[in-house]
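Asks: Coordinates in structure_33.csv, CSV, C-alpha atoms and all ligand atoms, are listed below.
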```
chain,number,residue,atom,x,y,z
A,527,MET,CA,25.1,-67.2,99.6
A,528,ALA,CA,25.5,-65.1,96.5
A,529,SER,CA,27.2,-61.8,96.7
A,530,THR,CA,26.1,-58.8,94.6
A,531,LEU,CA,29.4,-57.1,95.3
A,532,GLU,CA,32.0,-57.2,92.6
A,533,LYS,CA,34.8,-56.5,95.1
A,534,PRO,CA,34.5,-56.7,98.9
A,535,VAL,CA,35.3,-53.4,100.5
A,536,PRO,CA,38.5,-53.9,102.6
A,537,ALA,CA,37.7,-53.5,106.2
A,538,ASP,CA,40.8,-51.3,106.8
A,539,THR,CA,39.2,-48.7,104.5
A,540,ALA,CA,36.0,-48.6,106.6
A,541,PRO,CA,35.7,-45.2,108.3
A,542,LEU,CA,36.4,-45.3,112.0
A,543,SER,CA,34.4,-42.3,112.9
A,544,PRO,CA,31.0,-42.8,114.7
A,545,ASP,CA,29.4,-41.7,111.4
A,546,ALA,CA,30.6,-45.0,109.9
A,547,VAL,CA,27.1,-46.3,110.6
A,548,ASP,CA,26.0,-44.1,107.7
A,549,ALA,CA,28.6,-45.5,105.3
A,550,PRO,CA,26.7,-46.7,102.2
A,551,GLU,CA,29.7,-48.9,101.3
A,552,THR,CA,29.1,-51.1,104.3
A,553,PRO,CA,28.3,-54.4,102.4
A,554,ALA,CA,24.9,-55.7,103.2
A,555,ASP,CA,24.9,-59.2,101.8
A,556,ASP,CA,28.1,-61.0,102.6
A,557,LEU,CA,30.7,-61.2,105.3
A,558,THR,CA,33.9,-61.7,103.3
A,559,VAL,CA,35.1,-58.1,103.9
A,560,GLY,CA,38.1,-59.1,106.0
A,561,ALA,CA,38.6,-62.6,104.6
A,562,THR,CA,42.0,-61.8,103.2
A,563,GLY,CA,44.2,-64.1,105.3
A,564,THR,CA,45.4,-61.3,107.6
A,565,PRO,CA,43.4,-59.4,110.1
A,566,ALA,CA,42.2,-56.1,108.8
A,567,GLY,CA,44.2,-53.3,110.4
A,568,GLY,CA,46.2,-55.8,112.6
A,569,ARG,CA,45.2,-57.8,115.6
A,570,VAL,CA,44.5,-54.7,117.7
A,571,GLY,CA,42.8,-51.4,116.8
A,572,PRO,CA,44.3,-47.9,116.9
A,573,THR,CA,46.0,-47.2,120.2
A,574,GLU,CA,44.4,-43.8,120.4
A,575,ARG,CA,40.7,-44.4,120.9
A,576,PRO,CA,38.9,-41.2,121.8
A,577,GLU,CA,36.0,-41.0,124.1
A,578,PRO,CA,32.7,-41.6,122.3
A,579,PRO,CA,30.6,-38.7,121.3
A,580,LEU,CA,27.4,-38.0,123.3
A,581,PRO,CA,24.4,-39.7,121.7
A,582,GLU,CA,21.1,-38.3,120.4
A,583,PRO,CA,18.4,-37.6,123.0
A,584,ARG,CA,15.5,-40.0,123.1
A,585,GLY,CA,13.0,-38.1,125.2
A,586,GLU,CA,12.6,-35.7,128.1
A,587,ILE,CA,15.1,-37.2,130.5
A,588,THR,CA,18.0,-37.7,128.1
A,589,ALA,CA,17.4,-34.2,126.5
A,590,PHE,CA,17.7,-32.8,130.0
A,591,LEU,CA,20.8,-34.7,130.9
A,592,LEU,CA,22.6,-34.1,127.6
A,593,ASP,CA,21.9,-30.4,127.9
A,594,HIS,CA,23.6,-30.2,131.3
A,595,LEU,CA,26.4,-32.7,130.6
A,596,ARG,CA,27.8,-30.3,128.0
A,597,ASP,CA,28.4,-27.7,130.6
A,598,GLU,CA,30.9,-27.8,133.5
A,599,PRO,CA,29.6,-29.9,136.5
A,600,HIS,CA,27.0,-28.1,138.5
A,601,ASP,CA,24.0,-28.7,140.7
A,602,LEU,CA,21.3,-30.1,138.5
A,603,PRO,CA,18.0,-28.2,138.8
A,604,ALA,CA,14.6,-29.9,139.2
A,605,LEU,CA,15.0,-33.2,137.4
A,606,PRO,CA,12.4,-34.7,135.1
A,607,PRO,CA,10.4,-37.5,136.6
A,608,VAL,CA,11.2,-41.2,136.2
A,609,GLY,CA,9.7,-42.4,132.9
A,610,ASP,CA,6.9,-44.9,132.4
A,611,ASP,CA,9.0,-47.8,131.5
A,612,PRO,CA,12.1,-47.9,133.8
A,613,LEU,CA,12.9,-51.5,132.5
A,614,PHE,CA,13.0,-51.2,128.8
A,615,GLY,CA,12.1,-47.5,127.9
A,616,GLU,CA,14.3,-45.8,125.3
A,617,ASP,CA,14.6,-42.6,127.3
A,618,GLU,CA,15.0,-44.3,130.6
A,619,GLN,CA,17.7,-46.8,129.5
A,620,LEU,CA,19.7,-44.3,127.6
A,621,ALA,CA,19.6,-41.9,130.6
A,622,LEU,CA,20.9,-44.7,132.9
A,623,TYR,CA,23.5,-45.7,130.3
A,624,LEU,CA,24.8,-42.1,130.2
A,625,ALA,CA,25.1,-42.0,133.9
A,626,TYR,CA,26.9,-45.3,134.1
A,627,GLU,CA,29.3,-44.6,131.3
A,628,LEU,CA,30.8,-41.7,133.3
A,629,HIS,CA,32.4,-44.5,135.4
A,630,TYR,CA,33.8,-46.3,132.3
A,631,ARG,CA,35.0,-44.3,129.3
A,632,GLY,CA,33.1,-41.1,129.7
A,633,PHE,CA,32.1,-39.0,126.7
A,634,GLU,CA,33.8,-36.5,124.4
A,635,GLY,CA,33.3,-33.0,125.7
A,636,VAL,CA,31.9,-34.1,129.1
A,637,ALA,CA,33.9,-33.0,132.2
A,638,GLU,CA,35.2,-35.9,134.1
A,639,ASP,CA,34.0,-34.4,137.4
A,640,TRP,CA,30.4,-35.2,136.4
A,641,GLU,CA,31.2,-38.8,137.5
A,642,TRP,CA,30.8,-37.8,141.2
A,643,GLU,CA,28.5,-34.8,140.9
A,644,PRO,CA,26.1,-35.4,143.9
A,645,SER,CA,23.0,-34.1,142.1
A,646,LEU,CA,23.6,-36.4,139.2
A,647,LEU,CA,24.2,-39.3,141.5
A,648,ALA,CA,21.0,-38.5,143.4
A,649,TRP,CA,19.1,-38.6,140.1
A,650,ARG,CA,20.7,-41.8,139.1
A,651,ARG,CA,19.9,-43.4,142.5
A,652,ARG,CA,16.2,-42.6,142.0
A,653,GLN,CA,16.3,-43.9,138.4
A,654,GLU,CA,18.1,-47.1,139.2
A,655,ARG,CA,15.8,-47.9,142.1
A,656,ALA,CA,12.9,-47.8,139.7
A,657,PHE,CA,15.0,-50.0,137.3
A,658,GLU,CA,15.8,-52.5,140.1
A,659,GLU,CA,12.2,-52.6,141.3
A,660,ALA,CA,10.9,-53.3,137.7
A,661,LEU,CA,13.6,-56.0,137.3
A,662,ARG,CA,12.5,-57.7,140.6
A,663,GLU,CA,8.9,-57.5,139.6
A,664,THR,CA,9.6,-59.1,136.2
A,665,VAL,CA,11.8,-61.8,137.7
A,666,GLY,CA,9.3,-62.6,140.5
A,667,PRO,CA,10.0,-64.3,143.8
A,668,VAL,CA,13.3,-66.2,143.8
A,669,GLU,CA,13.4,-69.4,145.8
A,670,VAL,CA,16.6,-70.9,147.2
A,671,SER,CA,16.1,-74.7,147.2
A,672,ASP,CA,17.9,-77.5,149.1
A,673,GLU,CA,19.6,-78.8,146.0
A,674,GLY,CA,22.4,-76.1,146.3
A,675,ILE,CA,23.3,-73.0,144.3
A,676,VAL,CA,25.3,-74.9,141.7
A,677,ALA,CA,22.4,-77.2,140.8
A,678,GLN,CA,20.0,-74.3,140.7
A,679,LEU,CA,22.3,-72.3,138.4
A,680,ASP,CA,22.7,-75.5,136.2
A,681,GLU,CA,19.0,-75.7,135.8
A,682,LEU,CA,18.7,-72.1,134.8
A,683,ALA,CA,21.5,-72.4,132.3
A,684,THR,CA,19.9,-75.4,130.6
A,685,PRO,CA,18.6,-74.2,127.2
A,686,GLY,CA,14.8,-74.3,127.3
A,687,ASP,CA,12.1,-74.0,124.6
A,688,GLY,CA,12.3,-70.2,124.4
A,689,PRO,CA,13.5,-68.3,121.3
A,690,SER,CA,17.2,-68.3,120.8
A,691,LEU,CA,19.0,-65.5,118.9
A,692,SER,CA,21.9,-67.8,117.9
A,693,GLN,CA,19.6,-70.6,116.8
A,694,TRP,CA,17.7,-68.0,114.7
A,695,LEU,CA,20.9,-67.0,113.1
A,696,VAL,CA,21.8,-70.6,112.3
A,697,ASP,CA,18.4,-71.2,110.8
A,698,HIS,CA,17.8,-67.9,108.9
A,699,GLY,CA,20.7,-65.5,109.5
A,700,GLU,CA,22.0,-63.5,106.6
A,701,ALA,CA,24.9,-61.1,106.7
A,702,HIS,CA,22.9,-58.0,107.7
A,703,HIS,CA,21.4,-60.0,110.6
A,704,VAL,CA,24.9,-60.9,111.8
A,705,ARG,CA,26.0,-57.3,111.6
A,706,GLU,CA,23.0,-56.2,113.5
A,707,PHE,CA,23.6,-58.9,116.1
A,708,CYS,CA,27.2,-57.6,116.5
A,709,ALA,CA,26.0,-54.0,116.7
A,710,HIS,CA,23.6,-55.0,119.6
A,711,ARG,CA,26.6,-56.7,121.3
A,712,THR,CA,28.9,-53.7,121.2
A,713,ALA,CA,27.3,-52.1,124.3
A,714,TRP,CA,28.5,-55.1,126.3
A,715,GLN,CA,31.3,-56.8,124.4
A,716,LEU,CA,33.5,-53.7,124.0
A,717,LYS,CA,33.7,-53.4,127.7
A,718,GLU,CA,33.3,-57.1,128.5
A,719,ALA,CA,34.5,-58.0,132.0
A,720,ASP,CA,34.8,-54.4,133.3
A,721,PRO,CA,31.5,-54.3,135.4
A,722,HIS,CA,32.4,-57.6,137.1
A,723,THR,CA,35.9,-56.3,137.9
A,724,TRP,CA,34.3,-53.8,140.3
A,725,VAL,CA,33.2,-56.8,142.4
A,726,ILE,CA,36.8,-58.1,143.0
A,727,PRO,CA,37.5,-55.9,146.0
A,728,ARG,CA,34.2,-56.8,147.5
A,729,LEU,CA,35.1,-60.6,147.7
A,730,TYR,CA,37.7,-62.6,149.6
A,731,GLY,CA,39.1,-66.0,149.7
A,732,ALA,CA,38.0,-68.7,147.3
A,733,ALA,CA,35.4,-66.6,145.6
A,734,LYS,CA,37.8,-63.8,145.0
A,735,ALA,CA,40.4,-66.2,143.6
A,736,ALA,CA,37.8,-67.7,141.2
A,737,LEU,CA,36.7,-64.3,140.0
A,738,VAL,CA,40.3,-63.1,139.3
A,739,HIS,CA,41.0,-66.4,137.4
A,740,ILE,CA,38.0,-65.7,135.1
A,741,GLN,CA,38.8,-62.0,134.7
A,742,ALA,CA,42.4,-62.6,133.9
A,743,ASP,CA,41.3,-64.7,130.9
A,744,GLU,CA,38.8,-62.1,129.9
A,745,TYR,CA,41.6,-59.6,129.9
A,746,GLY,CA,43.8,-61.9,127.7
A,747,GLU,CA,46.2,-62.8,130.6
A,748,GLY,CA,47.7,-59.4,130.1
A,749,VAL,CA,48.2,-59.7,126.3
A,750,GLU,CA,46.5,-56.8,124.6
A,751,GLU,CA,45.5,-58.7,121.4
A,752,ASP,CA,43.9,-61.5,123.5
A,753,VAL,CA,41.7,-59.2,125.6
A,754,HIS,CA,38.2,-60.3,124.8
A,755,ALA,CA,37.0,-56.8,124.1
A,756,GLU,CA,39.8,-56.4,121.6
A,757,LEU,CA,38.9,-59.7,120.0
A,758,PHE,CA,35.3,-58.4,119.6
A,759,ALA,CA,36.7,-55.2,118.1
A,760,LEU,CA,38.6,-57.4,115.6
A,761,THR,CA,35.4,-59.1,114.7
A,762,LEU,CA,33.8,-55.8,114.0
A,763,ARG,CA,36.7,-54.6,111.8
A,764,GLU,CA,36.7,-57.9,109.9
A,765,LEU,CA,32.9,-57.5,109.2
A,766,GLY,CA,33.6,-54.0,107.8
A,767,MET,CA,32.0,-52.4,110.9
A,768,ASP,CA,33.1,-49.5,113.1
A,769,ASP,CA,35.0,-50.9,116.2
A,770,SER,CA,35.2,-47.6,118.1
A,771,TYR,CA,33.6,-47.6,121.5
A,772,GLY,CA,30.0,-46.4,121.4
A,773,ALA,CA,29.9,-46.1,117.6
A,774,TYR,CA,26.4,-47.8,117.4
A,775,LEU,CA,25.0,-46.3,120.6
A,776,ASP,CA,22.3,-44.3,118.8
A,777,LEU,CA,21.1,-47.5,117.1
A,778,LEU,CA,20.7,-49.6,120.2
A,779,PRO,CA,17.2,-50.1,121.5
A,780,GLY,CA,16.2,-49.9,125.2
A,781,PRO,CA,16.3,-53.6,126.0
A,782,THR,CA,19.8,-53.8,124.5
A,783,LEU,CA,21.0,-51.0,126.8
A,784,ALA,CA,19.2,-52.6,129.7
A,785,GLY,CA,21.4,-55.6,129.2
A,786,THR,CA,24.5,-53.6,130.0
A,787,ASN,CA,22.8,-51.3,132.5
A,788,VAL,CA,21.8,-54.3,134.6
A,789,VAL,CA,25.4,-55.4,135.1
A,790,SER,CA,26.6,-51.9,135.7
A,791,LEU,CA,23.9,-51.6,138.5
A,792,PHE,CA,25.1,-54.9,140.0
A,793,GLY,CA,28.8,-54.1,139.7
A,794,LEU,CA,28.5,-50.6,141.2
A,795,HIS,CA,26.6,-51.6,144.3
A,796,ARG,CA,28.3,-53.7,146.9
A,797,ARG,CA,24.8,-54.6,148.2
A,798,LEU,CA,24.3,-56.3,144.8
A,799,ARG,CA,27.6,-58.2,144.7
A,800,GLY,CA,25.8,-61.6,144.9
A,801,ALA,CA,23.6,-60.5,141.9
A,802,ALA,CA,26.8,-59.5,139.9
A,803,ILE,CA,28.2,-63.0,140.6
A,804,GLY,CA,25.0,-64.7,139.6
A,805,HIS,CA,25.0,-62.6,136.4
A,806,LEU,CA,28.6,-63.6,135.6
A,807,ALA,CA,28.0,-67.3,136.4
A,808,ILE,CA,25.0,-67.6,134.1
A,809,PHE,CA,26.8,-65.7,131.4
A,810,GLU,CA,29.7,-68.2,131.5
A,811,MET,CA,27.4,-71.2,131.8
A,812,PHE,CA,25.3,-70.2,128.9
A,813,SER,CA,28.1,-69.2,126.5
A,814,VAL,CA,29.6,-72.2,124.8
A,815,LEU,CA,26.6,-73.3,122.7
A,816,PRO,CA,25.5,-69.8,121.4
A,817,MET,CA,29.1,-68.7,120.8
A,818,GLY,CA,29.8,-71.9,118.7
A,819,ARG,CA,26.6,-71.3,116.7
A,820,VAL,CA,27.5,-67.7,115.9
A,821,SER,CA,31.0,-68.8,114.8
A,822,ASP,CA,29.4,-71.4,112.5
A,823,VAL,CA,27.1,-68.8,111.0
A,824,LEU,CA,30.1,-66.5,110.4
A,825,GLY,CA,31.8,-69.4,108.6
A,826,ARG,CA,28.8,-70.2,106.5
A,827,LEU,CA,28.6,-66.5,105.4
A,828,GLY,CA,32.2,-66.4,104.4
A,829,ALA,CA,33.6,-64.4,107.3
A,830,SER,CA,37.3,-64.7,108.0
A,831,THR,CA,38.8,-66.9,110.8
A,832,TRP,CA,39.8,-63.6,112.4
A,833,ALA,CA,36.2,-62.5,112.5
A,834,ARG,CA,35.3,-65.8,114.2
A,835,LEU,CA,38.2,-65.7,116.7
A,836,PHE,CA,36.2,-63.9,119.4
A,837,PHE,CA,33.5,-66.6,119.3
A,838,ASP,CA,35.9,-69.5,119.0
A,839,THR,CA,37.9,-68.2,121.9
A,840,HIS,CA,34.8,-68.2,124.0
A,841,VAL,CA,33.9,-71.8,123.1
A,842,VAL,CA,37.2,-72.9,124.5
A,843,ALA,CA,37.5,-70.4,127.4
A,844,ASP,CA,34.0,-70.7,128.7
A,845,ALA,CA,34.1,-74.5,128.7
A,846,ASP,CA,36.5,-73.9,131.6
A,847,HIS,CA,34.9,-70.7,133.0
A,848,GLN,CA,31.5,-72.2,133.3
A,849,THR,CA,32.7,-74.7,135.9
A,850,ILE,CA,34.8,-72.1,137.8
A,851,ALA,CA,32.0,-69.6,137.8
A,852,ALA,CA,29.4,-72.0,139.1
A,853,ARG,CA,31.4,-74.2,141.5
A,854,ASP,CA,34.2,-72.0,142.8
A,855,LEU,CA,32.8,-68.5,142.3
A,856,ALA,CA,29.0,-68.7,143.0
A,857,GLY,CA,29.4,-71.8,145.1
A,858,GLY,CA,32.4,-70.4,147.0
A,859,LEU,CA,30.6,-67.1,147.7
A,860,VAL,CA,27.4,-68.8,149.0
A,861,ALA,CA,29.5,-71.2,151.1
A,862,GLN,CA,31.1,-68.1,152.7
A,863,ASP,CA,27.8,-66.3,153.1
A,864,PRO,CA,24.6,-68.3,152.5
A,865,ARG,CA,22.5,-65.2,152.7
A,866,LEU,CA,23.8,-64.2,149.3
A,867,ALA,CA,22.2,-67.3,147.5
A,868,VAL,CA,19.0,-65.4,146.8
A,869,ASP,CA,20.9,-62.5,145.3
A,870,VAL,CA,23.0,-64.9,143.1
A,871,LEU,CA,19.8,-66.4,141.8
A,872,PHE,CA,18.3,-63.0,141.3
A,873,GLY,CA,21.3,-61.8,139.2
A,874,ALA,CA,21.1,-65.0,137.1
A,875,HIS,CA,17.3,-64.6,136.5
A,876,ALA,CA,17.6,-60.8,135.9
A,877,ILE,CA,20.0,-61.2,132.9
A,878,GLY,CA,17.8,-64.0,131.6
A,879,ALA,CA,14.7,-61.7,131.7
A,880,VAL,CA,16.4,-58.8,130.0
A,881,GLU,CA,18.0,-61.0,127.3
A,882,ALA,CA,14.7,-62.7,126.7
A,883,GLU,CA,13.0,-59.3,125.9
A,884,MET,CA,15.9,-58.3,123.6
A,885,THR,CA,15.8,-61.6,121.8
A,886,ARG,CA,12.0,-61.5,121.5
A,887,ARG,CA,12.0,-58.0,119.9
A,888,THR,CA,15.0,-58.7,117.7
A,889,ILE,CA,13.5,-61.9,116.2
A,890,ALA,CA,10.1,-60.3,115.8
A,891,ALA,CA,11.7,-57.4,113.8
A,892,TRP,CA,13.8,-59.8,111.7
A,893,GLU,CA,10.8,-62.0,110.9
A,894,ALA,CA,8.8,-58.9,109.8
A,895,GLY,CA,11.7,-58.1,107.5
A,896,GLU,CA,12.6,-55.0,109.5
A,897,THR,CA,15.7,-53.8,111.3
A,898,SER,CA,16.0,-54.8,115.0
A,899,LEU,CA,18.0,-51.6,115.6
A,900,ARG,CA,16.5,-48.1,116.1
A,901,ARG,CA,17.3,-47.6,112.5
A,902,ALA,CA,19.1,-49.8,109.9
A,903,LEU,CA,22.9,-49.7,109.8
A,904,SER,CA,22.8,-47.9,106.5
A,905,GLU,CA,20.4,-45.1,107.5
A,906,PRO,CA,21.8,-41.7,108.1
A,907,ALA,CA,22.3,-40.4,111.7
A,908,GLN,CA,20.0,-37.8,113.3
A,909,ASP,CA,21.3,-34.5,114.2
A,910,ARG,CA,22.9,-34.9,117.7
A,911,GLY,CA,22.1,-31.3,118.6
A,912,ALA,CA,25.6,-30.7,119.8
A,1001,FE,FE,34.8,-63.2,127.4
A,1002,FE,FE,34.3,-66.3,130.0
```
Starting from the file, lay out its structure as structure tokens.
Replies:
Amino acid sequence: MASTLEKPVPADTAPLSPDAVDAPETPADDLTVGATGTPAGGRVGPTERPEPPLPEPRGEITAFLLDHLRDEPHDLPALPPVGDDPLFGEDEQLALYLAYELHYRGFEGVAEDWEWEPSLLAWRRRQERAFEEALRETVGPVEVSDEGIVAQLDELATPGDGPSLSQWLVDHGEAHHVREFCAHRTAWQLKEADPHTWVIPRLYGAAKAALVHIQADEYGEGVEEDVHAELFALTLRELGMDDSYGAYLDLLPGPTLAGTNVVSLFGLHRRLRGAAIGHLAIFEMFSVLPMGRVSDVLGRLGASTWARLFFDTHVVADADHQTIAARDLAGGLVAQDPRLAVDVLFGAHAIGAVEAEMTRRTIAAWEAGETSLRRALSEPAQDRGA
């Protein structure tokens, strides 16, 4: 595609602050930013990555939480009610994301003791019950058949006739679509593997060994530059985007946040360990084709091989992971405890339902010539009210 830029902006000059989303110099129509033969800023990002700033409020619940989180931990007073759309609502999903992130990287200026503040956990429990109920309602009844868990997962992972984000990018994707796609993925990909790691101590025997095998690869076998989250940060830098954790949070719509909240829910509750494994299994089984497509799109748009490395790595790694995840992990878990089969299938269906909504809305926005984010990457940030 033709570029209107005289000179690509080197990615290593892209601002690393969260306000980088405002940067007008972010090129909109080609992906050659980092295509210089060496990865922009090296294979790994800055070693000092600060906690992300708190996001903007999106409604009554997040305004309430943000207000309190800025103070020292304390007993929360009467909490706002659960919102109308616990599954995809903007306010509801950001509120859950805020609560869950206290278990990951936290937020700048938020006391770490909020993580275990009983009144906040009591609120979260109520909110996530509503989230789980809405998920179960959307997924509908899950039937365990005689064909076995591996065959049932295989059926689920077979691409159907539904819309596909990666196929849309192949057919119509331009540079700004790819950057938006990557912005959506930051919520999950910059902490890829972490929610499933919580499940390790809840498993034993063959299932535990299979999960550790997969997770070791996700964490680069202990090599920092090969950690999948680091590879994704490299992609962002190569595309002239901000690779700092949480940089695009204000731009991510409810269904995108739901995609990461669902796996945090599964990972944090031992009761839902089967669902977490079903989620991971379907992720691994449904990865090779879309990852390969996105890599091809990046190549077509002139992105560097470094920008494609995250996607190319998954094409290779997940060809192996898909078998381990289905046969050894999900199959191993259900062999140990057949009661968990229904949960494994629920987890697999749940991520499908959430991703389908995110895909549907994203494609609808792109086909209308609009941004799929809450505002375009080049639009200025709102006042965070800090
Ligand atoms: Fe990965
Ligand atoms: Fe994988």
Asks: Identify which of the residues A:Phe758, A:Phe792, A:Trp832, A:Trp892 lies closest to ligand FE 1001 (chain A), counting only C-alpha atoms and all ligand atoms when measuring atom-to-atom distances.
Replies: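 Ranked by minimum distance to ligand FE 1001 (chain A), first place goes to A:Phe758.
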Asks: Neighbours of Phe812 in chain A within 10 Å (only C-alpha atoms; same-chain residues fewer than 2 positions away dropped), as a count of residues only?
Replies: 17
Asks: When the cut-off is 7 Å and you count all atoms listed in the file, which residues lie near ligand FE 1001 (chain A), shown as a ChimeraX atom specification?
Replies: /A:718-719,744,754,840
Asks: Under the rule that all atoms listed in the file are counted, which of A:Leu647, A:Met811, A:Ala604, A:Val665 is the nearest residue to ligand FE 1002 (chain A)?
Replies: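 Result for the nearest residue to ligand FE 1002 (chain A): A:Met811.
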Asks: Can you pull out every residue within 9 Å of Leu622 in chain A, counting all atoms listed in the file, but drop anything in the same chain fewer than 2 positions away, and send it as a list in words?
Replies: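 Final neighbour list, sorted by chain and number: Thr588, Asp617, Glu618, Gln619, Leu620, Leu624, Ala625, Tyr626, Glu627, Arg650, Gln653, Glu654, Leu783, Ala784 and Asn787 of chain A.
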Asks: Take the residues from that selection and write them out as a JSON list (two decimals), keeping the file's coordinate frame, keeping C-alpha atoms.
Replies:
```
[["chain", "number", "residue", "atom", "x", "y", "z"],
["A", 588, "THR", "CA", 18.00, -37.70, 128.10],
["A", 617, "ASP", "CA", 14.60, -42.60, 127.30],
["A", 618, "GLU", "CA", 15.00, -44.30, 130.60],
["A", 619, "GLN", "CA", 17.70, -46.80, 129.50],
["A", 620, "LEU", "CA", 19.70, -44.30, 127.60],
["A", 624, "LEU", "CA", 24.80, -42.10, 130.20],
["A", 625, "ALA", "CA", 25.10, -42.00, 133.90],
["A", 626, "TYR", "CA", 26.90, -45.30, 134.10],
["A", 627, "GLU", "CA", 29.30, -44.60, 131.30],
["A", 650, "ARG", "CA", 20.70, -41.80, 139.10],
["A", 653, "GLN", "CA", 16.30, -43.90, 138.40],
["A", 654, "GLU", "CA", 18.10, -47.10, 139.20],
["A", 783, "LEU", "CA", 21.00, -51.00, 126.80],
["A", 784, "ALA", "CA", 19.20, -52.60, 129.70],
["A", 787, "ASN", "CA", 22.80, -51.30, 132.50]]
```
Asks: List the spatial neighbours of Arg799 in chain A as a list of chain:residue names - criterion: any atom at most 10 Å away, all atoms listed in the file, same-chain residues fewer than 6 positions off excluded.
Replies: A:His722, A:Trp724, A:Val725, A:Ile726, A:Arg728, A:Leu729, A:Leu791, A:Phe792, A:Gly793, A:His805, A:Leu859, A:Leu866, A:Asp869, A:Val870, A:Gly873
Asks: Expressed in Å to a single decimal, how great is the separation between CA of Phe836 in chain A and CA of Leu757 in chain A?
Replies: 5.0 Å
Asks: Smallest atom-to-atom distance to ligand FE 1002 (chain A): which of A:Ala852, A:Leu760, A:Val670, A:Ala867, using only C-alpha atoms and all ligand atoms?
Replies: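 Result for the nearest residue to ligand FE 1002 (chain A): A:Ala852.
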Asks: Using only C-alpha atoms and all ligand atoms, which of the listed residues (A:Gly825, A:Gly746, A:Gly780, A:Pro578) sits closest to ligand FE 1002 (chain A)?
Replies: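 Closest to ligand FE 1002 (chain A) of all the choices is A:Gly746.
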Asks: Looking at A:Gln862, A:Ser770, A:Thr849, A:Ser821, which one is nearest to Leu695 in chain A, with distances taken over only C-alpha atoms?
Replies: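 Between A:Gln862, A:Ser770, A:Thr849, A:Ser821, the residue approaching Leu695 in chain A most closely is A:Ser821.
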Asks: Can you measure CA of His702 in chain A to CA of Asp556 in chain A for me? One decimal in Å is fine.
Replies: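 A separation of 7.9 Å between them.
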Asks: Could you check the closest approach to Pro781 in chain A for each of A:Gly666, A:Pro583, A:Pro576, A:Gly878 and tell me which residue wins, using only C-alpha atoms?
Replies: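 Ranking A:Gly666, A:Pro583, A:Pro576, A:Gly878 by distance to Pro781 in chain A, first place goes to A:Gly878.
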Asks: Measure the distance from CA of Val789 in chain A to CA of Ala879 in chain A in Å and round it to one decimal.
Replies: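 For CA of Val789 in chain A relative to CA of Ala879 in chain A, the distance reads 12.9 Å.
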Asks: Excluding range 632-635 of chain A and any residue of its chain fewer than 4 positions from it, enumerate the residues within 7 Å of it, using only C-alpha atoms, and give them as a PyMOL selection string.
Replies: chain A and resi 577-580+596+627-628
Asks: Could you list, as a list in words, every residue within 9 Å of Asp743 in chain A, counting only C-alpha atoms and ignoring same-chain residues fewer than 3 positions away?
Replies: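 Once the adjacent positions are removed, what remains is Val738, His739, Ile740, Gly746, Glu747, Gly748, Asp752, Val753, His754 and Ala843 of chain A.
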Asks: Where atoms are absent from range 774-785 of chain A, fill them in so it carries N, CA and C atoms, then output it as an mmCIF file, in the frame of the given file.
Replies:
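Listed below is the output, part-v5.cif:
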```
data_model
loop_
_atom_site.group_PDB
_atom_site.id
_atom_site.type_symbol
_atom_site.label_atom_id
_atom_site.label_comp_id
_atom_site.auth_asym_id
_atom_site.auth_seq_id
_atom_site.Cartn_x
_atom_site.Cartn_y
_atom_site.Cartn_z
ATOM 1 N N TYR A 774 27.821 -47.398 117.825
ATOM 2 C CA TYR A 774 26.400 -47.800 117.400
ATOM 3 C C TYR A 774 25.425 -47.376 118.515
ATOM 4 N N LEU A 775 25.845 -46.591 119.492
ATOM 5 C CA LEU A 775 25.000 -46.300 120.600
ATOM 6 C C LEU A 775 23.594 -45.774 120.194
ATOM 7 N N ASP A 776 23.559 -44.860 119.245
ATOM 8 C CA ASP A 776 22.300 -44.300 118.800
ATOM 9 C C ASP A 776 21.328 -45.323 118.236
ATOM 10 N N LEU A 777 21.888 -46.437 117.807
ATOM 11 C CA LEU A 777 21.100 -47.500 117.100
ATOM 12 C C LEU A 777 20.538 -48.508 118.104
ATOM 13 N N LEU A 778 21.054 -48.520 119.330
ATOM 14 C CA LEU A 778 20.700 -49.600 120.200
ATOM 15 C C LEU A 778 19.438 -49.366 120.998
ATOM 16 N N PRO A 779 18.467 -50.264 120.872
ATOM 17 C CA PRO A 779 17.200 -50.100 121.500
ATOM 18 C C PRO A 779 17.270 -50.261 123.063
ATOM 19 N N GLY A 780 16.223 -49.811 123.756
ATOM 20 C CA GLY A 780 16.200 -49.900 125.200
ATOM 21 C C GLY A 780 16.548 -51.215 125.811
ATOM 22 N N PRO A 781 15.962 -52.331 125.352
ATOM 23 C CA PRO A 781 16.300 -53.600 126.000
ATOM 24 C C PRO A 781 17.786 -53.985 125.820
ATOM 25 N N THR A 782 18.401 -53.560 124.713
ATOM 26 C CA THR A 782 19.800 -53.800 124.500
ATOM 27 C C THR A 782 20.634 -53.044 125.563
ATOM 28 N N LEU A 783 20.273 -51.780 125.748
ATOM 29 C CA LEU A 783 21.000 -51.000 126.800
ATOM 30 C C LEU A 783 20.710 -51.507 128.159
ATOM 31 N N ALA A 784 19.487 -52.012 128.374
ATOM 32 C CA ALA A 784 19.200 -52.600 129.700
ATOM 33 C C ALA A 784 20.110 -53.746 129.998
ATOM 34 N N GLY A 785 20.509 -54.487 128.966
ATOM 35 C CA GLY A 785 21.400 -55.600 129.200
ATOM 36 C C GLY A 785 22.746 -55.231 129.732
#
```
